[in-house]
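Quick look at my_file-v4.cif (mmCIF, C-alpha atoms and all ligand atoms):
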data_structure
loop_
_atom_site.group_PDB
_atom_site.id
_atom_site.type_symbol
_atom_site.label_atom_id
_atom_site.label_comp_id
_atom_site.auth_asym_id
_atom_site.auth_seq_id
_atom_site.Cartn_x
_atom_site.Cartn_y
_atom_site.Cartn_z
ATOM 1 C CA MET A 70 131.657 -38.869 34.415
ATOM 2 C CA ILE A 71 131.948 -42.646 34.643
ATOM 3 C CA ILE A 72 134.942 -44.162 36.451
ATOM 4 C CA LYS A 73 135.815 -47.848 36.348
ATOM 5 C CA VAL A 74 138.118 -49.012 39.129
ATOM 6 C CA GLY A 75 140.147 -52.174 38.596
ATOM 7 C CA SER A 76 139.306 -53.873 41.871
ATOM 8 C CA LEU A 77 136.399 -55.074 43.992
ATOM 9 C CA ASN A 78 138.284 -54.315 47.212
ATOM 10 C CA PRO A 79 136.094 -51.858 49.198
ATOM 11 C CA ALA A 80 139.160 -50.029 50.602
ATOM 12 C CA LYS A 81 140.129 -49.097 47.030
ATOM 13 C CA LEU A 82 136.601 -48.440 45.707
ATOM 14 C CA ASN A 83 135.644 -46.207 48.620
ATOM 15 C CA ALA A 84 138.874 -44.234 48.236
ATOM 16 C CA VAL A 85 137.834 -43.346 44.667
ATOM 17 C CA LYS A 86 134.214 -42.608 45.664
ATOM 18 C CA ASP A 87 135.419 -40.233 48.413
ATOM 19 C CA ILE A 88 137.440 -38.144 45.962
ATOM 20 C CA PHE A 89 135.289 -38.293 42.807
ATOM 21 C CA LEU A 90 132.032 -37.415 44.595
ATOM 22 C CA GLU A 91 130.315 -36.319 41.372
ATOM 23 C CA ALA A 92 131.224 -39.434 39.370
ATOM 24 C CA GLU A 93 129.538 -42.772 38.839
ATOM 25 C CA VAL A 94 132.122 -45.198 40.239
ATOM 26 C CA GLU A 95 132.089 -48.921 39.497
ATOM 27 C CA GLY A 96 134.579 -51.629 40.410
ATOM 28 C CA ILE A 97 135.395 -54.350 37.884
ATOM 29 C CA GLU A 98 137.662 -57.380 38.055
ATOM 30 C CA VAL A 99 140.758 -56.922 35.894
ATOM 31 C CA GLU A 100 144.236 -58.427 35.629
ATOM 32 C CA SER A 101 147.165 -56.574 37.199
ATOM 33 C CA LYS A 102 149.474 -58.688 34.969
ATOM 34 C CA VAL A 103 152.150 -58.517 37.692
ATOM 35 C CA SER A 104 152.702 -60.957 40.579
ATOM 36 C CA SER A 105 150.013 -61.016 43.258
ATOM 37 C CA GLN A 106 152.690 -59.716 45.627
ATOM 38 C CA PRO A 107 154.751 -57.092 43.756
ATOM 39 C CA PHE A 108 158.298 -56.637 45.080
ATOM 40 C CA SER A 109 159.377 -53.218 43.746
ATOM 41 C CA ASP A 110 158.050 -49.736 42.998
ATOM 42 C CA GLU A 111 158.330 -50.502 39.280
ATOM 43 C CA GLU A 112 156.293 -53.702 39.485
ATOM 44 C CA THR A 113 153.675 -52.154 41.761
ATOM 45 C CA MET A 114 153.277 -49.119 39.489
ATOM 46 C CA GLU A 115 153.036 -51.379 36.441
ATOM 47 C CA GLY A 116 150.225 -53.311 38.142
ATOM 48 C CA ALA A 117 148.334 -50.072 38.770
ATOM 49 C CA ILE A 118 148.765 -48.947 35.138
ATOM 50 C CA ASN A 119 147.675 -52.337 33.748
ATOM 51 C CA ARG A 120 144.543 -52.266 35.877
ATOM 52 C CA ALA A 121 143.723 -48.672 34.849
ATOM 53 C CA ARG A 122 144.287 -49.415 31.122
ATOM 54 C CA GLU A 123 142.004 -52.432 31.133
ATOM 55 C CA CYS A 124 139.308 -50.397 32.889
ATOM 56 C CA ALA A 125 139.588 -47.491 30.428
ATOM 57 C CA GLN A 126 139.369 -49.925 27.503
ATOM 58 C CA SER A 127 136.332 -51.729 28.920
ATOM 59 C CA GLN A 128 133.901 -49.051 27.717
ATOM 60 C CA LYS A 129 134.135 -45.979 25.489
ATOM 61 C CA GLY A 130 134.331 -42.591 27.213
ATOM 62 C CA VAL A 131 135.143 -43.842 30.702
ATOM 63 C CA ILE A 132 138.066 -43.085 32.983
ATOM 64 C CA GLY A 133 140.016 -46.068 34.337
ATOM 65 C CA ILE A 134 141.691 -46.123 37.737
ATOM 66 C CA GLY A 135 144.066 -48.808 39.032
ATOM 67 C CA LEU A 136 145.386 -49.008 42.597
ATOM 68 C CA GLU A 137 148.062 -51.488 43.598
ATOM 69 C CA GLY A 138 149.829 -52.347 46.820
ATOM 70 C CA GLY A 139 153.290 -53.882 47.001
ATOM 71 C CA VAL A 140 156.570 -53.871 48.853
ATOM 72 C CA MET A 141 159.970 -52.424 47.929
ATOM 73 C CA GLU A 142 163.403 -52.716 49.507
ATOM 74 C CA ILE A 143 165.520 -49.941 50.959
ATOM 75 C CA GLY A 144 168.657 -51.252 52.620
ATOM 76 C CA GLU A 145 167.729 -54.094 54.934
ATOM 77 C CA SER A 146 164.042 -53.179 55.159
ATOM 78 C CA TYR A 147 160.902 -53.920 53.196
ATOM 79 C CA PHE A 148 158.660 -50.884 52.841
ATOM 80 C CA LEU A 149 154.968 -51.128 52.010
ATOM 81 C CA CYS A 150 154.469 -49.114 48.825
ATOM 82 C CA ASN A 151 151.331 -48.097 46.980
ATOM 83 C CA TRP A 152 150.744 -46.849 43.460
ATOM 84 C CA GLY A 153 147.806 -45.510 41.509
ATOM 85 C CA ALA A 154 147.179 -44.856 37.830
ATOM 86 C CA LEU A 155 144.456 -43.011 35.956
ATOM 87 C CA VAL A 156 143.882 -43.517 32.236
ATOM 88 C CA ASP A 157 141.616 -40.848 30.778
ATOM 89 C CA GLU A 158 139.082 -40.975 27.910
ATOM 90 C CA SER A 159 141.867 -40.248 25.381
ATOM 91 C CA GLY A 160 144.277 -42.867 26.746
ATOM 92 C CA ASN A 161 146.570 -40.436 28.617
ATOM 93 C CA VAL A 162 148.196 -42.136 31.612
ATOM 94 C CA PHE A 163 148.740 -40.399 34.977
ATOM 95 C CA THR A 164 150.572 -42.062 37.880
ATOM 96 C CA ALA A 165 151.035 -41.246 41.573
ATOM 97 C CA GLY A 166 152.613 -42.978 44.532
ATOM 98 C CA GLY A 167 151.376 -43.225 48.111
ATOM 99 C CA ALA A 168 152.751 -43.463 51.611
ATOM 100 C CA ARG A 169 155.608 -45.836 52.434
ATOM 101 C CA PHE A 170 156.679 -47.239 55.752
ATOM 102 C CA PRO A 171 158.986 -50.060 56.859
ATOM 103 C CA LEU A 172 157.308 -53.344 57.738
ATOM 104 C CA PRO A 173 158.366 -55.067 60.974
ATOM 105 C CA ARG A 174 161.127 -57.689 60.651
ATOM 106 C CA GLU A 175 158.764 -60.612 61.362
ATOM 107 C CA VAL A 176 156.501 -59.524 58.477
ATOM 108 C CA ALA A 177 159.498 -59.072 56.146
ATOM 109 C CA GLU A 178 160.711 -62.596 56.948
ATOM 110 C CA GLU A 179 157.345 -64.084 55.958
ATOM 111 C CA LEU A 180 157.346 -62.051 52.732
ATOM 112 C CA GLN A 181 160.782 -63.498 51.928
ATOM 113 C CA MET A 182 159.324 -66.964 52.401
ATOM 114 C CA GLY A 183 156.881 -66.183 49.569
ATOM 115 C CA LYS A 184 153.728 -65.384 51.512
ATOM 116 C CA GLU A 185 151.360 -62.572 50.458
ATOM 117 C CA LEU A 186 151.131 -59.552 52.734
ATOM 118 C CA GLY A 187 147.335 -59.867 52.962
ATOM 119 C CA ASP A 188 147.656 -63.393 54.390
ATOM 120 C CA ILE A 189 150.513 -62.404 56.712
ATOM 121 C CA MET A 190 148.443 -59.515 58.103
ATOM 122 C CA ASP A 191 145.421 -61.777 58.724
ATOM 123 C CA ALA A 192 147.623 -64.208 60.677
ATOM 124 C CA PHE A 193 149.322 -61.352 62.535
ATOM 125 C CA THR A 194 146.020 -59.769 63.654
ATOM 126 C CA GLN A 195 144.072 -63.045 63.891
ATOM 127 C CA GLN A 196 141.396 -61.443 61.722
ATOM 128 C CA LYS A 197 140.109 -62.086 58.201
ATOM 129 C CA GLY A 198 140.328 -59.631 55.289
ATOM 130 C CA ILE A 199 142.520 -56.914 56.836
ATOM 131 C CA ARG A 200 143.424 -55.866 53.262
ATOM 132 C CA LYS A 201 139.771 -54.935 52.658
ATOM 133 C CA LYS A 202 139.577 -52.942 55.888
ATOM 134 C CA GLU A 203 142.267 -50.844 57.588
ATOM 135 C CA GLY A 204 145.117 -52.716 55.872
ATOM 136 C CA ALA A 205 148.662 -53.127 57.101
ATOM 137 C CA ILE A 206 148.996 -49.346 57.237
ATOM 138 C CA GLY A 207 146.031 -49.139 59.645
ATOM 139 C CA VAL A 208 147.426 -51.843 61.907
ATOM 140 C CA PHE A 209 150.956 -50.426 62.080
ATOM 141 C CA THR A 210 149.906 -46.759 62.444
ATOM 142 C CA ASN A 211 147.664 -47.663 65.356
ATOM 143 C CA GLN A 212 144.628 -46.930 63.083
ATOM 144 C CA LEU A 213 145.683 -43.306 62.481
ATOM 145 C CA VAL A 214 145.904 -43.839 58.705
ATOM 146 C CA ASP A 215 143.876 -46.636 57.164
ATOM 147 C CA ARG A 216 144.168 -48.169 53.682
ATOM 148 C CA LYS A 217 141.228 -46.169 52.282
ATOM 149 C CA MET A 218 142.709 -42.861 53.530
ATOM 150 C CA MET A 219 146.087 -43.730 52.071
ATOM 151 C CA PHE A 220 144.574 -44.599 48.668
ATOM 152 C CA SER A 221 142.341 -41.463 48.822
ATOM 153 C CA HIS A 222 145.483 -39.371 48.899
ATOM 154 C CA VAL A 223 146.842 -41.178 45.829
ATOM 155 C CA VAL A 224 143.497 -40.691 44.038
ATOM 156 C CA SER A 225 143.476 -36.955 44.918
ATOM 157 C CA VAL A 226 146.874 -36.548 43.279
ATOM 158 C CA LEU A 227 145.661 -38.464 40.202
ATOM 159 C CA LYS A 228 142.548 -36.270 39.999
ATOM 160 C CA GLY A 229 144.661 -33.131 40.241
ATOM 161 C CA LEU A 230 147.071 -34.298 37.538
ATOM 162 C CA TYR A 231 144.145 -35.147 35.252
ATOM 163 C CA GLU A 232 142.409 -31.785 35.833
ATOM 164 C CA PHE A 233 145.641 -29.864 35.274
ATOM 165 C CA SER A 234 146.165 -31.595 31.921
ATOM 166 C CA LYS A 235 142.543 -30.931 30.885
ATOM 167 C CA GLN A 236 142.957 -27.250 31.713
ATOM 168 C CA LYS A 237 146.177 -27.027 29.716
ATOM 169 C CA GLU A 238 144.473 -28.737 26.767
ATOM 170 C CA GLU A 239 141.528 -26.297 26.887
ATOM 171 C CA ALA A 240 143.887 -23.304 27.073
ATOM 172 C CA THR A 241 145.751 -24.540 23.975
ATOM 173 C CA ASN A 242 142.507 -25.089 22.047
ATOM 174 C CA ASN A 243 141.187 -21.583 22.798
HETATM 175 O O1 LIG A 301 141.527 -57.291 45.153
HETATM 176 P P1 LIG A 301 142.715 -56.454 44.843
HETATM 177 O O2 LIG A 301 142.379 -55.197 44.142
HETATM 178 O O3 LIG A 301 143.826 -57.204 44.155
HETATM 179 O O4 LIG A 301 143.246 -55.951 46.263
HETATM 180 P P2 LIG A 301 144.404 -56.507 47.207
HETATM 181 O O5 LIG A 301 143.992 -56.272 48.618
HETATM 182 O O6 LIG A 301 144.832 -57.886 46.819
HETATM 183 O O7 LIG A 301 145.572 -55.475 46.983
HETATM 184 P P3 LIG A 301 146.794 -55.510 45.975
HETATM 185 O O8 LIG A 301 146.644 -56.620 45.002
HETATM 186 O O9 LIG A 301 146.958 -54.124 45.467
HETATM 187 O O10 LIG A 301 148.021 -55.749 46.958
HETATM 188 C C1 LIG A 301 149.073 -56.650 46.655
HETATM 189 C C2 LIG A 301 149.358 -57.578 47.799
HETATM 190 O O11 LIG A 301 149.747 -56.869 48.942
HETATM 191 C C3 LIG A 301 148.791 -57.055 49.990
HETATM 192 N N1 LIG A 301 148.599 -55.752 50.605
HETATM 193 C C4 LIG A 301 148.952 -54.586 50.087
HETATM 194 N N2 LIG A 301 148.691 -53.598 50.921
HETATM 195 C C5 LIG A 301 148.155 -54.168 52.004
HETATM 196 C C6 LIG A 301 147.682 -53.686 53.206
HETATM 197 O O12 LIG A 301 147.716 -52.400 53.471
HETATM 198 N N3 LIG A 301 147.188 -54.552 54.068
HETATM 199 C C7 LIG A 301 147.164 -55.855 53.822
HETATM 200 N N4 LIG A 301 147.603 -56.392 52.701
HETATM 201 C C8 LIG A 301 148.091 -55.540 51.803
HETATM 202 C C9 LIG A 301 147.566 -57.618 49.320
HETATM 203 O O13 LIG A 301 146.798 -58.427 50.154
HETATM 204 C C10 LIG A 301 148.177 -58.428 48.215
HETATM 205 O O14 LIG A 301 148.679 -59.630 48.741
HETATM 206 MG MG MG A 302 145.491 -58.428 44.808
#
For this file, produce the structure as structure tokens.
Ligand SMILES: O=P(O)(O)OP(=O)(O)OP(=O)(O)OC[C@H]1O[C@@H](n2cnc3c(O)ncnc32)[C@H](O)[C@@H]1O
Ligand SMILES: [Mg+2]
Amino acid sequence: MIIKVGSLNPAKLNAVKDIFLEAEVEGIEVESKVSSQPFSDEETMEGAINRARECAQSQKGVIGIGLEGGVMEIGESYFLCNWGALVDESGNVFTAGGARFPLPREVAEELQMGKELGDIMDAFTQQKGIRKKEGAIGVFTNQLVDRKMMFSHVVSVLKGLYEFSKQKEEATNN
């Protein structure tokens, strides 16, 4: 099984490798075709699907996976949201969402000013490339849940949805 992941971010690639142990996993650069900082569940999910589609179409017989981070509003708060999509060899699309949590007010204010969360987190932690390491979720959960773990959960759900559909298809064919 060959899986193309629509990102070169190690937090995303390693999440897929951890769940699809038996697969050959490769990251490729693709377009999310949404803004670099998505601002709703819909936009974030669309970014994940666009990435997965482009990956699946890049080579015959491969599975495409797209993972996208964004923010969405509930009441007065911005929540970090995460979406994943898997497009199988036949073009079927599976989607799954990940953990959400409210971002602190000072982070939300910077988002409103038009800054990207990745840049805000680097300034906040005085480190470079937080998005490729523990991510905002790692920082604000005191490192209990990092970005790779969070995306691994999304990828597990995608894998399960894909396997369930395969099984149903086989049962119908027999
Ligand atoms: O290279 P790609 O695959 O695009 O990886 P990315 O880190 O940019 O991730 P996304 O495009 O999916 O995320 C959209 C934006 O939200 C930021 N972001 C999302 N989740 C984050 C997290 O947990 N920590 C830091 N930044 C995050 C990210 O830096 C982008 O500015
Ligand atoms: Mg990005």
To test your reading of the syntax: which residues would the PyMOL selection byres (((not hetatm)) within 10 of (chain A and resi 302)) return for the file shown? Reply as a list in words. Ser76, Leu77, Asn78, Glu100, Ser101, Val103, Ser104, Ser105, Gln106, Pro107, Gly116, Leu136, Glu137, Gly138, Gly139, Glu185, Leu186, Gly187 and Arg200 of chain A
Correct to one decimal, the distance CA of Glu238 (chain A)-CA of Glu111 (chain A) is 28.7 Å
**Request:** Evaluate the PyMOL selection byres (((chain A and resi 166-183) around 9) and not hetatm) here and jot the selected residues down as number ranges by chain.
**Result:** A: 106, 110, 114, 140, 142-143, 146-154, 164-165, 184-186, 189-190, 193, 205-206, 209, 219-220, 222-223, 226
Self-check item: Nearest residue to Gly135 (chain A) from the set A:Lys201, A:Lys81, A:Lys102, A:Lys86 (distances using all atoms listed in the file)
Solution: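 Nearest candidate to Gly135 (chain A) out of A:Lys201, A:Lys81, A:Lys102, A:Lys86: A:Lys81.
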Explicit residues for the PyMOL selection byres (((chain A and resi 119-130) around 8) and not hetatm) (as a PDB file with C-alpha atoms, keeping the file's coordinate frame):
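Once everything was written out, this is part32.pdb:
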ATOM      1  CA  ILE A  71     131.948 -42.646  34.643  1.00  0.00           C
ATOM      2  CA  LYS A  73     135.815 -47.848  36.348  1.00  0.00           C
ATOM      3  CA  VAL A  74     138.118 -49.012  39.129  1.00  0.00           C
ATOM      4  CA  GLY A  75     140.147 -52.174  38.596  1.00  0.00           C
ATOM      5  CA  ILE A  97     135.395 -54.350  37.884  1.00  0.00           C
ATOM      6  CA  VAL A  99     140.758 -56.922  35.894  1.00  0.00           C
ATOM      7  CA  GLU A 100     144.236 -58.427  35.629  1.00  0.00           C
ATOM      8  CA  SER A 101     147.165 -56.574  37.199  1.00  0.00           C
ATOM      9  CA  LYS A 102     149.474 -58.688  34.969  1.00  0.00           C
ATOM     10  CA  GLU A 115     153.036 -51.379  36.441  1.00  0.00           C
ATOM     11  CA  GLY A 116     150.225 -53.311  38.142  1.00  0.00           C
ATOM     12  CA  ALA A 117     148.334 -50.072  38.770  1.00  0.00           C
ATOM     13  CA  ILE A 118     148.765 -48.947  35.138  1.00  0.00           C
ATOM     14  CA  VAL A 131     135.143 -43.842  30.702  1.00  0.00           C
ATOM     15  CA  ILE A 132     138.066 -43.085  32.983  1.00  0.00           C
ATOM     16  CA  GLY A 133     140.016 -46.068  34.337  1.00  0.00           C
ATOM     17  CA  ILE A 134     141.691 -46.123  37.737  1.00  0.00           C
ATOM     18  CA  GLY A 135     144.066 -48.808  39.032  1.00  0.00           C
ATOM     19  CA  LEU A 136     145.386 -49.008  42.597  1.00  0.00           C
ATOM     20  CA  ALA A 154     147.179 -44.856  37.830  1.00  0.00           C
ATOM     21  CA  LEU A 155     144.456 -43.011  35.956  1.00  0.00           C
ATOM     22  CA  VAL A 156     143.882 -43.517  32.236  1.00  0.00           C
ATOM     23  CA  ASP A 157     141.616 -40.848  30.778  1.00  0.00           C
ATOM     24  CA  GLU A 158     139.082 -40.975  27.910  1.00  0.00           C
ATOM     25  CA  GLY A 160     144.277 -42.867  26.746  1.00  0.00           C
TER      26      GLY A 160
END
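Going from CA of Gln212 (chain A) over to CA of Val94 (chain A), you cover 26.1 Å.
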To test the calculation: enclose all listed atoms of region 189-208 of chain A in a box whose edges run along x, y and z, add 4 Å on each side, then state centre and edge lengths in Å to one decimal, as AutoDock Vina command-line options.
--center_x 145.0 --center_y -56.7 --center_z 58.3 --size_x 18.9 --size_y 23.1 --size_z 19.2
re CA of Tyr231 (chain A) and atom O11 of ligand LIG 301 (chain A): distance 26.3 Å
Problem set entry | From A:Glu95, A:Gly207, A:Gln196, A:Leu227, residue lying nearest ligand LIG 301 (chain A) [only C-alpha atoms and all ligand atoms] |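 Result for the nearest residue to ligand LIG 301 (chain A): A:Gly207.
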Between A:Ser234, A:Ser159, A:Asn242, A:Thr113, smallest distance to ligand LIG 301 (chain A) by all atoms listed in the file belongs to A:Thr113
Item to complete: Would you please work out which residue, of A:Ile199, A:Met70, A:Ala192, A:Ala84, is nearest to ligand LIG 301 (chain A) when using all atoms listed in the file?
Response: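 Checking each of A:Ile199, A:Met70, A:Ala192, A:Ala84 against ligand LIG 301 (chain A), counting all atoms listed in the file, the winner is A:Ile199.
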The residue from A:Ala240, A:Lys228, A:Phe233, A:Ala80 with the smallest atom-to-atom distance to ligand LIG 301 (chain A), counting all atoms listed in the file, is A:Ala80
For this session: Compare A:Ile72, A:Val214, A:Val224, A:Leu230 by their minimum atom-to-atom distance to ligand LIG 301 (chain A), counting only C-alpha atoms and all ligand atoms, and give me the closest one.
Result: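 Under the stated criterion, the closest residue is A:Val214.
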Write region 109-132 of chain A as a PDB file, in the frame of the given file, completed to N, CA and C atoms.
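Result went into part-v3.pdb, see below:
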ATOM      1  N   SER A 109     158.621 -54.444  44.020  1.00  0.00           N
ATOM      2  CA  SER A 109     159.377 -53.218  43.746  1.00  0.00           C
ATOM      3  C   SER A 109     158.391 -52.109  43.406  1.00  0.00           C
ATOM      4  N   ASP A 110     158.875 -50.864  43.431  1.00  0.00           N
ATOM      5  CA  ASP A 110     158.050 -49.736  42.998  1.00  0.00           C
ATOM      6  C   ASP A 110     157.620 -49.936  41.550  1.00  0.00           C
ATOM      7  N   GLU A 111     158.605 -50.351  40.716  1.00  0.00           N
ATOM      8  CA  GLU A 111     158.330 -50.502  39.280  1.00  0.00           C
ATOM      9  C   GLU A 111     157.191 -51.493  39.044  1.00  0.00           C
ATOM     10  N   GLU A 112     157.300 -52.657  39.703  1.00  0.00           N
ATOM     11  CA  GLU A 112     156.293 -53.702  39.485  1.00  0.00           C
ATOM     12  C   GLU A 112     154.932 -53.275  40.022  1.00  0.00           C
ATOM     13  N   THR A 113     154.935 -52.585  41.160  1.00  0.00           N
ATOM     14  CA  THR A 113     153.675 -52.154  41.761  1.00  0.00           C
ATOM     15  C   THR A 113     153.006 -51.100  40.874  1.00  0.00           C
ATOM     16  N   MET A 114     153.817 -50.162  40.374  1.00  0.00           N
ATOM     17  CA  MET A 114     153.277 -49.119  39.489  1.00  0.00           C
ATOM     18  C   MET A 114     152.736 -49.726  38.198  1.00  0.00           C
ATOM     19  N   GLU A 115     153.467 -50.709  37.675  1.00  0.00           N
ATOM     20  CA  GLU A 115     153.036 -51.379  36.441  1.00  0.00           C
ATOM     21  C   GLU A 115     151.671 -52.063  36.658  1.00  0.00           C
ATOM     22  N   GLY A 116     151.503 -52.671  37.818  1.00  0.00           N
ATOM     23  CA  GLY A 116     150.225 -53.311  38.142  1.00  0.00           C
ATOM     24  C   GLY A 116     149.090 -52.296  38.142  1.00  0.00           C
ATOM     25  N   ALA A 117     149.356 -51.131  38.716  1.00  0.00           N
ATOM     26  CA  ALA A 117     148.334 -50.072  38.770  1.00  0.00           C
ATOM     27  C   ALA A 117     147.980 -49.601  37.354  1.00  0.00           C
ATOM     28  N   ILE A 118     149.002 -49.420  36.520  1.00  0.00           N
ATOM     29  CA  ILE A 118     148.765 -48.947  35.138  1.00  0.00           C
ATOM     30  C   ILE A 118     147.987 -50.004  34.344  1.00  0.00           C
ATOM     31  N   ASN A 119     148.385 -51.270  34.476  1.00  0.00           N
ATOM     32  CA  ASN A 119     147.675 -52.337  33.748  1.00  0.00           C
ATOM     33  C   ASN A 119     146.206 -52.389  34.134  1.00  0.00           C
ATOM     34  N   ARG A 120     145.946 -52.251  35.418  1.00  0.00           N
ATOM     35  CA  ARG A 120     144.543 -52.266  35.877  1.00  0.00           C
ATOM     36  C   ARG A 120     143.777 -51.075  35.288  1.00  0.00           C
ATOM     37  N   ALA A 121     144.399 -49.890  35.338  1.00  0.00           N
ATOM     38  CA  ALA A 121     143.723 -48.672  34.849  1.00  0.00           C
ATOM     39  C   ALA A 121     143.453 -48.760  33.348  1.00  0.00           C
ATOM     40  N   ARG A 122     144.427 -49.270  32.590  1.00  0.00           N
ATOM     41  CA  ARG A 122     144.287 -49.415  31.122  1.00  0.00           C
ATOM     42  C   ARG A 122     143.110 -50.310  30.774  1.00  0.00           C
ATOM     43  N   GLU A 123     143.083 -51.470  31.440  1.00  0.00           N
ATOM     44  CA  GLU A 123     142.004 -52.432  31.133  1.00  0.00           C
ATOM     45  C   GLU A 123     140.633 -51.826  31.449  1.00  0.00           C
ATOM     46  N   CYS A 124     140.570 -51.052  32.517  1.00  0.00           N
ATOM     47  CA  CYS A 124     139.308 -50.397  32.889  1.00  0.00           C
ATOM     48  C   CYS A 124     138.901 -49.369  31.827  1.00  0.00           C
ATOM     49  N   ALA A 125     139.878 -48.554  31.402  1.00  0.00           N
ATOM     50  CA  ALA A 125     139.588 -47.491  30.428  1.00  0.00           C
ATOM     51  C   ALA A 125     139.158 -48.092  29.096  1.00  0.00           C
ATOM     52  N   GLN A 126     139.696 -49.281  28.780  1.00  0.00           N
ATOM     53  CA  GLN A 126     139.369 -49.925  27.503  1.00  0.00           C
ATOM     54  C   GLN A 126     138.074 -50.736  27.564  1.00  0.00           C
ATOM     55  N   SER A 127     137.514 -50.880  28.765  1.00  0.00           N
ATOM     56  CA  SER A 127     136.332 -51.729  28.920  1.00  0.00           C
ATOM     57  C   SER A 127     135.063 -51.092  28.343  1.00  0.00           C
ATOM     58  N   GLN A 128     135.088 -49.775  28.217  1.00  0.00           N
ATOM     59  CA  GLN A 128     133.901 -49.051  27.717  1.00  0.00           C
ATOM     60  C   GLN A 128     134.357 -47.699  27.177  1.00  0.00           C
ATOM     61  N   LYS A 129     133.727 -47.249  26.098  1.00  0.00           N
ATOM     62  CA  LYS A 129     134.135 -45.979  25.489  1.00  0.00           C
ATOM     63  C   LYS A 129     133.764 -44.797  26.402  1.00  0.00           C
ATOM     64  N   GLY A 130     134.659 -43.826  26.492  1.00  0.00           N
ATOM     65  CA  GLY A 130     134.331 -42.591  27.213  1.00  0.00           C
ATOM     66  C   GLY A 130     134.451 -42.658  28.723  1.00  0.00           C
ATOM     67  N   VAL A 131     134.990 -43.753  29.245  1.00  0.00           N
ATOM     68  CA  VAL A 131     135.143 -43.842  30.702  1.00  0.00           C
ATOM     69  C   VAL A 131     136.593 -43.587  31.118  1.00  0.00           C
ATOM     70  N   ILE A 132     136.736 -43.246  32.396  1.00  0.00           N
ATOM     71  CA  ILE A 132     138.066 -43.085  32.983  1.00  0.00           C
ATOM     72  C   ILE A 132     138.384 -44.367  33.747  1.00  0.00           C
TER      73      ILE A 132
END
